[in-house]
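Enquirer: Can you keep this structure in mind? I'll have questions shortly.
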Amino acid sequence: MAVNNIIKRLQNIMRQDAGISGDAQRIEQMVWLFFLKVYDAQEETWEYKSRREKKEFKSIIPEELRWRNWAVDNADGEALTGDALLEFVNARLFPTLKALPVNEDTPRGKTIVKEIFSDLNQYMKNGILLRQVVNVIDEIDFSDVEDRHTFGDIYEGILKDLQSAGNAGEFYTPRSVVRLLVHILDPQPGETVYDPACGSGGMLIEAIRYMHDDSLCCGSIFGQEKNLSLIHISEPTRQEAIS
């Protein structure tokens, strides 16, 4: 799937919406939509695993607010659009996800939903255009290996766009440069890797891939970013990053 084509299609649709002004708002709009689509795909994996283990799976997101139950357009004329879609997103989806009940016992895989939405906004004012954006994003199958890689490319494309998004931007290091730096550093299993300005963790992930070895202990992978506490990459993260 052509990543640039996806981003351009989304940008072209959102440029027609009076509620969005500039790249920063367009990017934020894409972020929450992509998150819900990806999270829904991840929940399908958790549900499958739970069934195999004969366990019950319960999403932290109320059933009617899960991506599969409001975003998917089955071409039967029943999909939310226009004012009905705006009312749903503004009055139900966002308020509910921002106020999800979590505590110290809530798994990280669930608390992340509230954490993500606590700082996000819905800017679009045209419900028909919002439906078009949702449909484009729903074309991506994040349960497919190829499309999962596509998401990584989409994320990098979004970071590139952030460079021209004013104060909301951040410095983006191209993947090829990250790979070159890791190869020059030549980290070995057992050594400690620390990135004091890790951003989205690209350098750390590339170091894990470079050192892929049965003897690798991920307890030696650390990163930190402004206003964030120290990140410690654990074994499950390592396996996910390499797969």
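Scheme for the structure tokens: letters A, B, ... for chains in order shown; per-chain residue numbers from 1; ligand numbers from 1 in order shown.
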For A:Val72, find every residue with an atom within 10 Å (counting only C-alpha atoms), except residues of its own chain fewer than 2 positions away, and show them as a ChimeraX atom specification.
Expert: /A:37,67-70,74-75,78-80,131,134-135,137-139
Enquirer: Taking only C-alpha atoms into account, name the residue in A:Asp40, A:Asp83, A:Glu47, A:Asp23 that is nearest to A:Arg66.
Expert: A:Asp40
Enquirer: Suppose you want the space between atom CA of A:Ile6 and atom CA of A:Ala41; what is it in Å?
Expert: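 Atom-to-atom, atom CA of A:Ile6 and atom CA of A:Ala41 are spaced 18.6 Å apart.
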Enquirer: Using only C-alpha atoms, determine which residues lie at most 7 Å from A:Ser220, disregarding the query and same-chain residues fewer than 5 positions distant; provide the list as a PyMOL selection string.
Expert: chain A and resi 191-193
Enquirer: Write a file of the selected residues as a compact mmCIF listing (two decimals), in the first residue's frame, keeping all heavy atoms.
Expert:
```txt
# COMPACT_ATOMS: atom_id res chain seq x y z
N GLU A 191 25.86 -5.37 26.45
CA GLU A 191 26.22 -3.97 26.64
C GLU A 191 24.95 -3.14 26.89
O GLU A 191 23.84 -3.56 26.56
CB GLU A 191 26.95 -3.44 25.41
CG GLU A 191 28.29 -4.09 25.16
CD GLU A 191 29.01 -3.52 23.96
OE1 GLU A 191 28.33 -2.92 23.09
OE2 GLU A 191 30.23 -3.66 23.88
N THR A 192 25.13 -1.98 27.49
CA THR A 192 24.00 -1.09 27.78
C THR A 192 23.84 -0.07 26.66
O THR A 192 24.81 0.54 26.22
CB THR A 192 24.22 -0.35 29.11
OG1 THR A 192 24.26 -1.30 30.17
CG2 THR A 192 23.07 0.63 29.38
N VAL A 193 22.61 0.09 26.18
CA VAL A 193 22.29 1.09 25.17
C VAL A 193 21.38 2.13 25.82
O VAL A 193 20.35 1.80 26.40
CB VAL A 193 21.57 0.45 23.96
CG1 VAL A 193 21.15 1.53 22.97
CG2 VAL A 193 22.46 -0.57 23.29
```
Enquirer: Would you please work out which residue, of A:Ile112, A:Ile60, A:Ala71, A:Leu120, is nearest to A:Ile27 when using only C-alpha atoms?
Expert: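 Among A:Ile112, A:Ile60, A:Ala71, A:Leu120, it is A:Leu120 that comes nearest to A:Ile27.
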Enquirer: Residues within 10 Å of A:Leu65, please, as a list in words. Count only C-alpha atoms; anything in the same chain fewer than 5 positions from it doesn't count.
Expert: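 Listed by chain and then number, they are Leu36, Trp70, Ala71, Phe88, Val89, Arg92, Leu93, Phe94, Thr96 and Leu97 of chain A.
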Enquirer: Since we have the selection now, will you write its residues out, keeping N, CA, C and O atoms, as a short mmCIF file (atom, residue, chain, number, x, y, z; two decimals), in the first residue's frame?
Expert:
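Full text of part08.cif as output:
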```cif
data_model
loop_
_atom_site.label_atom_id
_atom_site.label_comp_id
_atom_site.auth_asym_id
_atom_site.auth_seq_id
_atom_site.Cartn_x
_atom_site.Cartn_y
_atom_site.Cartn_z
N LEU A 36 -7.21 4.39 17.13
CA LEU A 36 -8.38 3.55 17.35
C LEU A 36 -8.42 2.38 16.36
O LEU A 36 -8.83 1.26 16.73
N TRP A 70 -18.49 1.38 14.86
CA TRP A 70 -18.98 2.68 14.40
C TRP A 70 -18.24 3.20 13.18
O TRP A 70 -18.80 3.96 12.38
N ALA A 71 -17.00 2.78 12.98
CA ALA A 71 -16.19 3.35 11.91
C ALA A 71 -16.31 2.59 10.59
O ALA A 71 -16.21 3.18 9.51
N PHE A 88 -21.83 11.87 17.42
CA PHE A 88 -21.30 10.66 18.06
C PHE A 88 -19.88 10.88 18.56
O PHE A 88 -19.55 10.56 19.71
N VAL A 89 -19.02 11.42 17.70
CA VAL A 89 -17.60 11.60 18.06
C VAL A 89 -17.44 12.65 19.14
O VAL A 89 -16.71 12.44 20.12
N ARG A 92 -20.04 11.65 22.45
CA ARG A 92 -19.98 10.32 23.08
C ARG A 92 -18.57 9.73 23.08
O ARG A 92 -18.05 9.36 24.12
N LEU A 93 -17.96 9.65 21.90
CA LEU A 93 -16.65 8.98 21.79
C LEU A 93 -15.58 9.66 22.63
O LEU A 93 -14.99 9.05 23.53
N PHE A 94 -15.33 10.94 22.36
CA PHE A 94 -14.25 11.64 23.06
C PHE A 94 -14.50 11.78 24.57
O PHE A 94 -13.62 11.46 25.37
N THR A 96 -16.21 9.95 26.58
CA THR A 96 -16.14 8.65 27.24
C THR A 96 -14.70 8.15 27.34
O THR A 96 -14.26 7.68 28.41
N LEU A 97 -13.93 8.24 26.25
CA LEU A 97 -12.56 7.74 26.26
C LEU A 97 -11.65 8.59 27.14
O LEU A 97 -10.70 8.09 27.74
#
```
Enquirer: Taking into account only C-alpha atoms, which residue in the set A:Pro101, A:Ile140, A:Pro189, A:Tyr194 is nearest to A:His212?
Expert: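 Distance minimum relative to A:His212 lands on A:Pro189.
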Enquirer: What separation in Å, quoted to one decimal, exists between atom CA of A:Lys125 and atom CA of A:Gly19?
Expert: 5.1 Å
